[in-house]
$ cat query-v2.pdb   # PDB, C-alpha atoms
ATOM      1  CA  MET A 704      20.323 -10.644 -14.704
ATOM      2  CA  ASN A 705      23.564 -11.019 -12.778
ATOM      3  CA  LEU A 706      23.993 -14.799 -12.494
ATOM      4  CA  GLN A 707      25.585 -14.634  -9.063
ATOM      5  CA  LEU A 708      22.719 -12.503  -7.772
ATOM      6  CA  ALA A 709      20.143 -14.855  -9.295
ATOM      7  CA  ARG A 710      21.792 -17.968  -7.876
ATOM      8  CA  GLN A 711      21.959 -16.641  -4.330
ATOM      9  CA  THR A 712      18.351 -15.355  -4.358
ATOM     10  CA  LYS A 713      15.737 -17.470  -2.568
ATOM     11  CA  VAL A 714      12.389 -17.132  -4.323
ATOM     12  CA  LEU A 715       8.821 -17.975  -3.319
ATOM     13  CA  ILE A 716       6.140 -18.122  -6.025
ATOM     14  CA  VAL A 717       2.494 -17.868  -4.911
ATOM     15  CA  ASP A 718       0.190 -18.714  -7.823
ATOM     16  CA  ASP A 719      -2.655 -21.180  -8.260
ATOM     17  CA  GLN A 720      -2.728 -21.234 -12.074
ATOM     18  CA  VAL A 721      -0.790 -24.220 -13.404
ATOM     19  CA  LEU A 722       0.148 -22.642 -16.744
ATOM     20  CA  ALA A 723       1.257 -19.380 -15.138
ATOM     21  CA  LYS A 724       3.316 -21.262 -12.571
ATOM     22  CA  GLY A 725       4.950 -23.336 -15.306
ATOM     23  CA  TYR A 726       5.832 -20.254 -17.332
ATOM     24  CA  LEU A 727       7.296 -18.538 -14.276
ATOM     25  CA  LYS A 728       9.364 -21.621 -13.478
ATOM     26  CA  TYR A 729      10.742 -21.694 -17.022
ATOM     27  CA  SER A 730      11.432 -17.936 -17.014
ATOM     28  CA  LEU A 731      13.241 -17.957 -13.664
ATOM     29  CA  GLU A 732      15.382 -20.933 -14.666
ATOM     30  CA  GLU A 733      16.299 -19.101 -17.873
ATOM     31  CA  LEU A 734      17.454 -16.152 -15.744
ATOM     32  CA  GLY A 735      19.615 -18.346 -13.504
ATOM     33  CA  PHE A 736      17.482 -18.687 -10.364
ATOM     34  CA  GLN A 737      18.069 -21.990  -8.584
ATOM     35  CA  HIS A 738      16.341 -21.726  -5.184
ATOM     36  CA  VAL A 739      12.647 -21.463  -6.035
ATOM     37  CA  ASP A 740       9.667 -22.711  -3.988
ATOM     38  CA  TYR A 741       6.115 -22.879  -5.365
ATOM     39  CA  VAL A 742       2.830 -22.809  -3.444
ATOM     40  CA  ASP A 743      -0.748 -22.394  -4.623
ATOM     41  CA  ARG A 744      -2.379 -21.254  -1.382
ATOM     42  CA  THR A 745      -1.685 -18.325   0.905
ATOM     43  CA  SER A 746      -1.839 -20.602   3.959
ATOM     44  CA  HIS A 747       1.068 -22.595   2.502
ATOM     45  CA  ALA A 748       2.864 -19.346   1.673
ATOM     46  CA  LEU A 749       2.520 -18.135   5.263
ATOM     47  CA  THR A 750       3.980 -21.408   6.520
ATOM     48  CA  ALA A 751       6.901 -21.105   4.093
ATOM     49  CA  VAL A 752       7.613 -17.481   5.099
ATOM     50  CA  ARG A 753       7.602 -18.423   8.792
ATOM     51  CA  GLN A 754      10.069 -21.245   8.165
ATOM     52  CA  GLN A 755      12.657 -19.298   6.177
ATOM     53  CA  GLN A 756      13.421 -15.850   4.854
ATOM     54  CA  TYR A 757      13.061 -15.290   1.128
ATOM     55  CA  ASP A 758      14.825 -12.630  -0.886
ATOM     56  CA  LEU A 759      12.003 -12.421  -3.416
ATOM     57  CA  ILE A 760       8.290 -13.246  -3.276
ATOM     58  CA  ILE A 761       6.323 -13.242  -6.531
ATOM     59  CA  CYS A 762       2.602 -13.368  -5.823
ATOM     60  CA  SER A 763      -0.415 -13.512  -8.112
ATOM     61  CA  TYR A 764      -2.938 -10.841  -7.189
ATOM     62  CA  ASP A 765      -5.989 -12.808  -8.307
ATOM     63  CA  LEU A 766      -5.674 -16.051  -6.359
ATOM     64  CA  LYS A 767      -8.836 -18.152  -6.437
ATOM     65  CA  HIS A 768      -8.180 -20.176  -3.281
ATOM     66  CA  GLU A 769      -8.621 -18.556   0.123
ATOM     67  CA  GLN A 770      -7.947 -14.838   0.251
ATOM     68  CA  GLU A 771      -6.563 -13.072  -2.789
ATOM     69  CA  GLY A 772      -2.916 -12.059  -3.018
ATOM     70  CA  PHE A 773      -3.724  -8.494  -2.016
ATOM     71  CA  PHE A 774      -4.810  -9.534   1.473
ATOM     72  CA  PHE A 775      -1.937 -11.993   1.761
ATOM     73  CA  TYR A 776       0.539  -9.137   1.299
ATOM     74  CA  GLU A 777      -1.378  -6.996   3.763
ATOM     75  CA  GLN A 778      -1.292  -9.847   6.296
ATOM     76  CA  LEU A 779       2.475 -10.238   5.892
ATOM     77  CA  LYS A 780       2.979  -6.536   6.581
ATOM     78  CA  ASP A 781       0.518  -6.314   9.470
ATOM     79  CA  ASN A 782       2.118  -9.266  11.259
ATOM     80  CA  ASP A 783       5.749  -8.246  10.574
ATOM     81  CA  LEU A 784       6.349 -11.442   8.598
ATOM     82  CA  LEU A 785       7.921  -9.655   5.649
ATOM     83  CA  SER A 786      11.472  -8.434   6.041
ATOM     84  CA  LEU A 787      12.169  -5.007   4.549
ATOM     85  CA  SER A 788      15.022  -6.578   2.603
ATOM     86  CA  THR A 789      12.634  -9.058   0.928
ATOM     87  CA  ALA A 790      11.369  -7.915  -2.460
ATOM     88  CA  PHE A 791       7.632  -8.429  -3.001
ATOM     89  CA  VAL A 792       6.349  -8.449  -6.577
ATOM     90  CA  PHE A 793       2.694  -8.625  -7.627
ATOM     91  CA  ILE A 794       1.686 -10.161 -10.947
ATOM     92  CA  SER A 795      -1.848  -9.806 -12.256
ATOM     93  CA  ALA A 796      -3.872 -10.258 -15.431
ATOM     94  CA  ASP A 797      -6.462  -7.815 -14.089
ATOM     95  CA  THR A 798      -5.432  -4.182 -14.513
ATOM     96  CA  ALA A 799      -8.733  -2.503 -13.608
ATOM     97  CA  ALA A 800      -8.219   0.966 -12.153
ATOM     98  CA  ASP A 801      -9.467   0.150  -8.643
ATOM     99  CA  ILE A 802      -7.206  -2.904  -8.428
ATOM    100  CA  VAL A 803      -4.140  -1.008  -9.623
ATOM    101  CA  HIS A 804      -4.872   1.825  -7.174
ATOM    102  CA  SER A 805      -5.149  -0.640  -4.302
ATOM    103  CA  ILE A 806      -1.958  -2.476  -5.214
ATOM    104  CA  VAL A 807       0.044   0.714  -5.643
ATOM    105  CA  GLU A 808      -1.181   1.963  -2.259
ATOM    106  CA  LEU A 809       0.226  -1.092  -0.508
ATOM    107  CA  GLN A 810       3.571  -0.189  -2.099
ATOM    108  CA  PRO A 811       4.942  -3.545  -3.232
ATOM    109  CA  ASP A 812       8.388  -3.387  -4.776
ATOM    110  CA  GLU A 813       7.049  -4.074  -8.260
ATOM    111  CA  PHE A 814       3.815  -4.750 -10.135
ATOM    112  CA  ILE A 815       3.968  -6.733 -13.382
ATOM    113  CA  ALA A 816       0.925  -7.114 -15.619
ATOM    114  CA  LYS A 817       0.340 -10.454 -17.348
ATOM    115  CA  PRO A 818       1.240 -11.498 -19.964
ATOM    116  CA  PHE A 819       4.956 -10.711 -19.728
ATOM    117  CA  ASN A 820       8.037 -12.123 -21.455
ATOM    118  CA  VAL A 821      11.360 -13.280 -20.068
ATOM    119  CA  SER A 822      13.085 -10.061 -21.132
ATOM    120  CA  GLU A 823      10.622  -7.866 -19.252
ATOM    121  CA  LEU A 824      10.751 -10.109 -16.180
ATOM    122  CA  ASN A 825      14.537  -9.941 -16.270
ATOM    123  CA  LYS A 826      14.537  -6.133 -16.389
ATOM    124  CA  ARG A 827      11.990  -5.727 -13.585
ATOM    125  CA  LEU A 828      13.471  -8.321 -11.225
ATOM    126  CA  THR A 829      17.023  -7.108 -11.788
ATOM    127  CA  ARG A 830      16.009  -3.577 -10.918
ATOM    128  CA  VAL A 831      14.211  -4.507  -7.706
ATOM    129  CA  LEU A 832      16.829  -7.017  -6.474
ATOM    130  CA  VAL A 833      19.762  -4.685  -7.132
ATOM    131  CA  ARG A 834      17.900  -1.913  -5.302
ATOM    132  CA  LYS A 835      17.191  -4.143  -2.297
ATOM    133  CA  GLN A 836      20.825  -5.236  -2.197
ATOM    134  CA  ALA A 837      22.057  -1.631  -2.302
ATOM    135  CA  PHE A 838      19.752  -0.540   0.555
ATOM    136  CA  LYS A 839      20.137  -3.667   2.673
ATOM    137  CA  PRO A 840      22.289  -2.105   5.468
ATOM    138  CA  ILE A 841      19.808   0.792   5.819
ATOM    139  CA  LEU A 842      16.777  -1.510   5.739
ATOM    140  CA  GLN A 843      18.239  -3.745   8.439
ATOM    141  CA  LEU A 844      18.730  -0.748  10.735
ATOM    142  CA  ILE A 845      15.160   0.437  10.099
ATOM    143  CA  GLU A 846      13.892  -3.066  10.863
ATOM    144  CA  GLU A 847      15.716  -2.869  14.207
ATOM    145  CA  ASP A 848      14.028   0.519  14.881
ATOM    146  CA  ASN A 849      17.484   2.072  14.930
ATOM    147  CA  PHE A 850      16.306   5.122  13.002
ATOM    148  CA  ALA A 851      19.131   7.437  14.065
ATOM    149  CA  GLN A 852      21.790   5.067  12.774
ATOM    150  CA  ALA A 853      19.723   4.378   9.643
ATOM    151  CA  LEU A 854      19.639   8.132   9.005
ATOM    152  CA  ALA A 855      23.425   8.340   9.384
ATOM    153  CA  GLU A 856      23.828   5.372   7.016
ATOM    154  CA  THR A 857      21.528   7.074   4.490
ATOM    155  CA  GLU A 858      23.592  10.264   4.657
ATOM    156  CA  HIS A 859      26.712   8.204   3.958
ATOM    157  CA  PHE A 860      24.900   6.431   1.098
ATOM    158  CA  LEU A 861      24.082   9.786  -0.503
ATOM    159  CA  GLN A 862      27.735  10.841  -0.405
ATOM    160  CA  GLU A 863      28.818   7.931  -2.598
ATOM    161  CA  PRO A 864      28.787   8.781  -6.350
ATOM    162  CA  ALA A 865      28.453   5.065  -7.147
ATOM    163  CA  ASN A 866      24.941   5.173  -5.670
ATOM    164  CA  ALA A 867      23.730   7.958  -7.985
ATOM    165  CA  GLU A 868      20.986   5.853  -9.614
ATOM    166  CA  PHE A 869      19.413   5.302  -6.179
ATOM    167  CA  TYR A 870      19.548   8.930  -5.004
ATOM    168  CA  PRO A 871      15.783   9.659  -5.407
ATOM    169  CA  LEU A 872      14.828   6.700  -3.202
ATOM    170  CA  ALA A 873      17.632   7.480  -0.746
ATOM    171  CA  LEU A 874      16.391  11.073  -0.473
ATOM    172  CA  LYS A 875      12.847   9.847   0.172
ATOM    173  CA  THR A 876      14.227   7.495   2.837
ATOM    174  CA  LYS A 877      16.101  10.380   4.438
ATOM    175  CA  GLY A 878      12.892  12.421   4.692
ATOM    176  CA  ASP A 879      11.014   9.490   6.238
ATOM    177  CA  LEU A 880      13.795   8.975   8.768
ATOM    178  CA  LEU A 881      13.924  12.656   9.710
ATOM    179  CA  LEU A 882      10.226  12.408  10.593
ATOM    180  CA  ALA A 883      10.736   9.084  12.378
ATOM    181  CA  THR A 884      13.423  10.683  14.561
ATOM    182  CA  ASP A 885      11.180  13.716  15.281
ATOM    183  CA  HIS A 886      13.375  16.157  13.382
ATOM    184  CA  VAL A 887      10.211  17.714  11.983
ATOM    185  CA  GLU A 888      11.492  21.235  11.274
ATOM    186  CA  GLN A 889      14.616  19.812   9.668
ATOM    187  CA  ALA A 890      12.409  17.505   7.591
ATOM    188  CA  ARG A 891      10.278  20.463   6.467
ATOM    189  CA  ASP A 892      13.359  22.383   5.346
ATOM    190  CA  PHE A 893      14.684  19.254   3.635
ATOM    191  CA  TYR A 894      11.473  18.734   1.657
ATOM    192  CA  LEU A 895      11.345  22.413   0.670
ATOM    193  CA  ALA A 896      14.936  22.189  -0.599
ATOM    194  CA  ILE A 897      14.080  19.076  -2.631
ATOM    195  CA  LEU A 898      10.998  20.755  -4.145
ATOM    196  CA  ASN A 899      13.085  23.731  -5.216
ATOM    197  CA  VAL A 900      14.962  21.328  -7.477
ATOM    198  CA  GLN A 901      12.371  18.712  -8.471
ATOM    199  CA  PRO A 902       8.600  18.505  -7.719
ATOM    200  CA  PHE A 903       8.628  14.925  -6.424
ATOM    201  CA  THR A 904       5.202  13.799  -5.198
ATOM    202  CA  TRP A 905       6.754  12.021  -2.198
ATOM    203  CA  ALA A 906       8.428  15.292  -1.157
ATOM    204  CA  GLN A 907       5.120  17.177  -1.348
ATOM    205  CA  VAL A 908       3.357  14.498   0.714
ATOM    206  CA  GLY A 909       6.217  14.563   3.222
ATOM    207  CA  LEU A 910       6.008  18.332   3.436
ATOM    208  CA  VAL A 911       2.271  18.136   4.211
ATOM    209  CA  ARG A 912       2.995  15.712   7.049
ATOM    210  CA  CYS A 913       5.527  18.183   8.431
ATOM    211  CA  TYR A 914       3.030  21.043   8.226
ATOM    212  CA  LEU A 915       0.421  18.969  10.076
ATOM    213  CA  ARG A 916       2.830  18.081  12.872
ATOM    214  CA  LEU A 917       3.980  21.697  13.150
ATOM    215  CA  ASP A 918       0.348  22.948  13.243
ATOM    216  CA  GLU A 919       0.878  24.899  10.026
ATOM    217  CA  ASP A 920      -2.579  23.806   8.914
ATOM    218  CA  ASP A 921      -3.234  26.519   6.320
ATOM    219  CA  GLU A 922      -0.052  25.646   4.453
ATOM    220  CA  ALA A 923      -0.941  21.967   4.712
ATOM    221  CA  GLU A 924      -4.411  22.510   3.248
ATOM    222  CA  LYS A 925      -3.129  24.540   0.299
ATOM    223  CA  LEU A 926      -0.665  21.836  -0.671
ATOM    224  CA  ILE A 927      -3.171  19.015  -0.108
ATOM    225  CA  LEU A 928      -5.683  20.662  -2.448
ATOM    226  CA  SER A 929      -3.068  20.959  -5.187
ATOM    227  CA  LEU A 930      -2.202  17.261  -4.749
ATOM    228  CA  ALA A 931      -5.879  16.275  -4.945
ATOM    229  CA  PHE A 932      -6.102  17.421  -8.571
ATOM    230  CA  ARG A 933      -3.337  15.067  -9.740
ATOM    231  CA  GLN A 934      -3.934  11.409 -10.550
ATOM    232  CA  ASP A 935      -0.684  10.187  -8.984
ATOM    233  CA  SER A 936      -1.313  11.907  -5.649
ATOM    234  CA  MET A 937      -5.110  12.044  -5.381
ATOM    235  CA  LEU A 938      -5.487   9.216  -2.861
ATOM    236  CA  ALA A 939      -2.675  10.440  -0.634
ATOM    237  CA  ALA A 940      -4.262  13.898  -0.724
ATOM    238  CA  TYR A 941      -7.675  12.592   0.379
ATOM    239  CA  ASP A 942      -6.057  10.693   3.257
ATOM    240  CA  LEU A 943      -4.148  13.777   4.350
ATOM    241  CA  LEU A 944      -7.271  15.911   4.019
ATOM    242  CA  THR A 945      -9.168  13.409   6.179
ATOM    243  CA  ALA A 946      -6.429  13.623   8.819
ATOM    244  CA  LEU A 947      -6.495  17.441   8.716
ATOM    245  CA  HIS A 948     -10.277  17.611   9.096
ATOM    246  CA  ILE A 949     -10.202  15.145  11.999
ATOM    247  CA  LYS A 950      -7.487  17.209  13.662
ATOM    248  CA  LEU A 951      -9.699  20.304  13.325
ATOM    249  CA  ASN A 952     -12.820  18.393  14.519
ATOM    250  CA  GLU A 953     -14.441  18.903  11.107
ATOM    251  CA  TYR A 954     -15.947  15.441  11.008
ATOM    252  CA  ASP A 955     -18.462  15.998   8.193
ATOM    253  CA  ASP A 956     -15.682  17.150   5.870
ATOM    254  CA  ALA A 957     -13.470  14.270   7.023
ATOM    255  CA  LEU A 958     -16.256  11.808   6.164
ATOM    256  CA  GLU A 959     -16.589  13.292   2.693
ATOM    257  CA  SER A 960     -12.836  12.979   2.069
ATOM    258  CA  VAL A 961     -12.518   9.383   3.257
ATOM    259  CA  THR A 962     -15.620   8.354   1.295
ATOM    260  CA  LEU A 963     -14.170   9.781  -1.919
ATOM    261  CA  ALA A 964     -10.911   7.908  -1.315
ATOM    262  CA  SER A 965     -12.693   4.637  -0.554
ATOM    263  CA  GLU A 966     -14.622   4.857  -3.821
ATOM    264  CA  ILE A 967     -11.406   5.209  -5.820
ATOM    265  CA  SER A 968      -9.544   2.449  -3.963
ATOM    266  CA  PRO A 969     -12.173   0.261  -2.253
ATOM    267  CA  ARG A 970      -9.902  -2.596  -1.190
ATOM    268  CA  ILE A 971      -8.141  -0.531   1.479
ATOM    269  CA  LEU A 972     -10.384  -1.580   4.367
ATOM    270  CA  ARG A 973      -9.126   0.928   6.942
ATOM    271  CA  ARG A 974     -10.938   3.672   5.019
ATOM    272  CA  HIS A 975     -14.297   1.920   5.314
ATOM    273  CA  LYS A 976     -13.675   1.529   9.057
ATOM    274  CA  THR A 977     -12.793   5.215   9.335
ATOM    275  CA  ALA A 978     -15.952   6.106   7.392
ATOM    276  CA  ILE A 979     -18.059   4.034   9.802
ATOM    277  CA  GLU A 980     -16.564   5.804  12.838
ATOM    278  CA  LEU A 981     -16.968   9.260  11.296
ATOM    279  CA  SER A 982     -20.556   8.453  10.292
ATOM    280  CA  ARG A 983     -21.343   7.595  13.898
ATOM    281  CA  LEU A 984     -19.813  10.849  15.109
ATOM    282  CA  THR A 985     -21.829  12.885  12.599
ATOM    283  CA  HIS A 986     -25.009  10.782  12.974
ATOM    284  CA  ASN A 987     -24.965  10.179   9.222
ATOM    285  CA  TYR A 988     -26.716   6.830   9.331
ATOM    286  CA  GLN A 989     -26.976   6.370   5.580
ATOM    287  CA  SER A 990     -23.198   6.799   5.155
ATOM    288  CA  GLN A 991     -22.646   4.443   8.075
ATOM    289  CA  PHE A 992     -24.853   1.810   6.421
ATOM    290  CA  GLU A 993     -23.123   2.182   3.033
ATOM    291  CA  ALA A 994     -19.612   2.041   4.563
ATOM    292  CA  ALA A 995     -20.519  -1.035   6.620
ATOM    293  CA  LYS A 996     -21.769  -2.796   3.471
ATOM    294  CA  ARG A 997     -18.579  -1.942   1.590
ATOM    295  CA  LEU A 998     -16.491  -3.320   4.446
ATOM    296  CA  VAL A 999     -18.347  -6.643   4.308
ATOM    297  CA  ARG A1000     -18.032  -6.802   0.523
ATOM    298  CA  TYR A1001     -14.302  -6.188   0.308
ATOM    299  CA  ALA A1002     -13.314  -8.081   3.474
ATOM    300  CA  LYS A1003     -15.085 -11.249   2.347
ATOM    301  CA  ASN A1004     -12.827 -14.328   2.125
ATOM    302  CA  SER A1005      -9.912 -12.432   3.630
ATOM    303  CA  VAL A1006      -8.297 -12.380   7.061
ATOM    304  CA  HIS A1007     -10.498  -9.343   7.774
ATOM    305  CA  ASP A1008     -13.725 -11.286   7.246
ATOM    306  CA  ALA A1009     -15.349 -11.414  10.685
ATOM    307  CA  PRO A1010     -18.844 -11.784  12.208
ATOM    308  CA  GLU A1011     -18.488  -8.267  13.622
ATOM    309  CA  ASN A1012     -18.571  -6.854  10.078
ATOM    310  CA  TYR A1013     -22.006  -8.390   9.439
ATOM    311  CA  LEU A1014     -23.292  -7.247  12.826
ATOM    312  CA  ASN A1015     -22.184  -3.718  11.973
ATOM    313  CA  VAL A1016     -24.240  -3.843   8.765
ATOM    314  CA  ALA A1017     -27.289  -5.045  10.663
ATOM    315  CA  ARG A1018     -26.954  -2.359  13.343
ATOM    316  CA  ALA A1019     -26.265   0.365  10.785
ATOM    317  CA  GLY A1020     -29.247  -0.805   8.750
ATOM    318  CA  VAL A1021     -31.522  -0.558  11.786
ATOM    319  CA  ASP A1022     -30.183   2.912  12.659
ATOM    320  CA  PHE A1023     -30.709   4.082   9.085
ATOM    321  CA  ALA A1024     -34.203   2.618   8.847
ATOM    322  CA  MET A1025     -35.229   4.180  12.173
ATOM    323  CA  THR A1026     -34.071   7.674  11.210
ATOM    324  CA  ALA A1027     -34.591   7.834   7.428
ATOM    325  CA  SER A1028     -37.586   9.151   5.567
ATOM    326  CA  ASP A1029     -39.419   6.986   3.007
ATOM    327  CA  GLU A1030     -37.692   8.934   0.237
ATOM    328  CA  ASP A1031     -34.228   8.200   1.677
ATOM    329  CA  THR A1032     -34.824   4.454   1.991
ATOM    330  CA  THR A1033     -36.261   4.253  -1.531
ATOM    331  CA  SER A1034     -33.246   6.109  -2.901
ATOM    332  CA  SER A1035     -30.882   3.805  -1.013
ATOM    333  CA  ASP A1036     -32.655   0.708  -2.338
ATOM    334  CA  HIS A1037     -32.386   1.976  -5.898
ATOM    335  CA  SER A1038     -28.648   2.697  -5.433
ATOM    336  CA  SER A1039     -28.030  -0.799  -4.070
ATOM    337  CA  GLU A1040     -29.945  -2.324  -6.967
ATOM    338  CA  LYS A1041     -27.809  -0.433  -9.481
ATOM    339  CA  ARG A1042     -24.582  -1.643  -7.836
ATOM    340  CA  ARG A1043     -25.793  -5.237  -8.012
TER     341      ARG A1043
END
$ encode --input "query-v2.pdb" --output "structure tokens"
Amino acid sequence: MNLQLARQTKVLIVDDQVLAKGYLKYSLEELGFQHVDYVDRTSHALTAVRQQQYDLIICSYDLKHEQEGFFFYEQLKDNDLLSLSTAFVFISADTAADIVHSIVELQPDEFIAKPFNVSELNKRLTRVLVRKQAFKPILQLIEEDNFAQALAETEHFLQEPANAEFYPLALKTKGDLLLATDHVEQARDFYLAILNVQPFTWAQVGLVRCYLRLDEDDEAEKLILSLAFRQDSMLAAYDLLTALHIKLNEYDDALESVTLASEISPRILRRHKTAIELSRLTHNYQSQFEAAKRLVRYAKNSVHDAPENYLNVARAGVDFAMTASDEDTTSSDHSSEKRR
């Protein structure tokens, strides 16, 4: 770790485990960090973030108090409380597949599994902080919604040989900015050129978005289906397939796609909400009931926990009971019992 970088970095640790917090404190001091604040509740973390800007936030995923770290990060993003130049790092002892999928989807800057040693922490934090520092001028322009200037700055960044290690991320940023500035055809050609050299997943996903905006739906579907068979792009593919089916008014197929995605990564609540809406459109009352129950389960003890969620379950349950046969309700009861 560059000592000057460490010393000028303001850090916020969000963790409610005393031993973990103590080990982090020791590790960060070993690496040269001097400005470090510690909190054990997300409410305290929110207060701290509102009072000053941090360069690095290290948050435990599995907080026991209040909402878990996952929803804290989501709240920061939804309320524009997290600067793009602030690095956000998740740490977690739980590496179950659904948790990892959910964390990766929120796209934090880093995810570190416990236990970790000082050497590993040093390598991971150095990488993310150096990257944030290198992209800071571009990120500030994006934060100001000055996408045209950010695109020009990215082009300049890519012309500097000293930035070679950051070229893949800079290229991804360029594609995002081309879409943000409505240069859709140029973005399509850019992604195709990238894929002729290297089959980056982000370039394939970007290309699908271009196809959808250009109404090249057949090309979009072909590429989406190829992405759906790969572990690293499966969730993005299901989301894109849902969007394509909705665009084409194929609501039954859209419901199937979003349900598959929500089963793989159940903590992304927007999918359950989409499933509820699509179930209403297709009069699929069993799917509506199941999606409403999942929303209640995964929103519990988070900022998304609301009386409306429970009312939705009750209403969906009544709709399902009024329209289902005895065989359907028995099957649903057995499924619920198995999940419990």
$ residues_around --input "query-v2.pdb" --residues "segment 1007-1020 of chain A" --least-positions-apart "3" --cutoff "7 Å" --atoms "only C-alpha atoms" --output "JSON, numbers by chain"
{"A": [988, 991, 992, 995, 996, 998, 999, 1002, 1003, 1004, 1023, 1024]}
$ atom_distance --input "query-v2.pdb" --atom1 "atom CA of Lys839 of chain A" --atom2 "atom CA of Glu733 of chain A"
26.0 Å
$ atom_distance --input "query-v2.pdb" --atom1 "atom CA of Asp801 of chain A" --atom2 "atom CA of Pro969 of chain A"
6.9 Å
$ closest_residue --input "query-v2.pdb" --among "A:Ile845, A:Ala748, A:Met1025, A:Val961" --to "Leu787 of chain A" --atoms "only C-alpha atoms"
A:Ile845
$ resolve_selection --input "query-v2.pdb" --expression "the PyMOL selection byres ((chain A and resi 922-926) around 10)" --output "list of chain:residue names"
A:Gln907, A:Val908, A:Leu910, A:Val911, A:Arg912, A:Cys913, A:Tyr914, A:Leu915, A:Arg916, A:Leu917, A:Asp918, A:Glu919, A:Asp920, A:Asp921, A:Ile927, A:Leu928, A:Ser929, A:Leu930, A:Ala931, A:Ala940, A:Leu943, A:Leu944, A:Leu947, A:His948
$ resolve_selection --input "query-v2.pdb" --expression "the PyMOL selection byres ((chain A and resi 844) around 12)" --output "ChimeraX atom specification"
/A:786-788,838-843,845-857,880
$ atom_distance --input "query-v2.pdb" --atom1 "atom CA of Asp892 of chain A" --atom2 "atom CA of Gly909 of chain A"
10.8 Å
$ residues_near_point --input "query-v2.pdb" --point "(2.3, -16.1, 0.7)" --cutoff "9 Å" --atoms "all atoms listed in the file" --output "ChimeraX atom specification"
/A:715-717,742-752,760-762,772,775-776,779
$ build_atoms --input "query-v2.pdb" --residues "segment 829-833 of chain A" --atoms "all heavy atoms" --output "JSON list (two decimals), keeping the file's coordinate frame"
[["chain", "number", "residue", "atom", "x", "y", "z"],
["A", 829, "THR", "N", 15.66, -7.62, -11.99],
["A", 829, "THR", "CA", 17.02, -7.11, -11.79],
["A", 829, "THR", "C", 16.99, -5.78, -11.06],
["A", 829, "THR", "O", 17.72, -5.55, -10.09],
["A", 829, "THR", "CB", 17.75, -6.94, -13.14],
["A", 829, "THR", "OG1", 17.89, -8.22, -13.77],
["A", 829, "THR", "CG2", 19.13, -6.33, -12.94],
["A", 830, "ARG", "N", 16.11, -4.91, -11.51],
["A", 830, "ARG", "CA", 16.01, -3.58, -10.92],
["A", 830, "ARG", "C", 15.67, -3.65, -9.43],
["A", 830, "ARG", "O", 16.30, -3.00, -8.60],
["A", 830, "ARG", "CB", 14.95, -2.76, -11.66],
["A", 830, "ARG", "CG", 14.82, -1.33, -11.18],
["A", 830, "ARG", "CD", 13.95, -0.53, -12.13],
["A", 830, "ARG", "NE", 12.61, -1.10, -12.24],
["A", 830, "ARG", "CZ", 11.77, -0.78, -13.24],
["A", 830, "ARG", "NH1", 12.14, 0.07, -14.18],
["A", 830, "ARG", "NH2", 10.56, -1.32, -13.27],
["A", 831, "VAL", "N", 14.66, -4.46, -9.10],
["A", 831, "VAL", "CA", 14.21, -4.51, -7.71],
["A", 831, "VAL", "C", 15.22, -5.22, -6.81],
["A", 831, "VAL", "O", 15.46, -4.80, -5.67],
["A", 831, "VAL", "CB", 12.81, -5.16, -7.60],
["A", 831, "VAL", "CG1", 12.85, -6.64, -7.88],
["A", 831, "VAL", "CG2", 12.21, -4.91, -6.22],
["A", 832, "LEU", "N", 15.87, -6.28, -7.30],
["A", 832, "LEU", "CA", 16.83, -7.02, -6.47],
["A", 832, "LEU", "C", 18.11, -6.22, -6.25],
["A", 832, "LEU", "O", 18.67, -6.23, -5.15],
["A", 832, "LEU", "CB", 17.14, -8.37, -7.11],
["A", 832, "LEU", "CG", 16.01, -9.40, -7.07],
["A", 832, "LEU", "CD1", 16.38, -10.64, -7.87],
["A", 832, "LEU", "CD2", 15.67, -9.78, -5.64],
["A", 833, "VAL", "N", 18.56, -5.52, -7.27],
["A", 833, "VAL", "CA", 19.76, -4.68, -7.13],
["A", 833, "VAL", "C", 19.48, -3.55, -6.14],
["A", 833, "VAL", "O", 20.33, -3.21, -5.31],
["A", 833, "VAL", "CB", 20.20, -4.13, -8.51],
["A", 833, "VAL", "CG1", 21.26, -3.04, -8.33],
["A", 833, "VAL", "CG2", 20.74, -5.25, -9.38]]
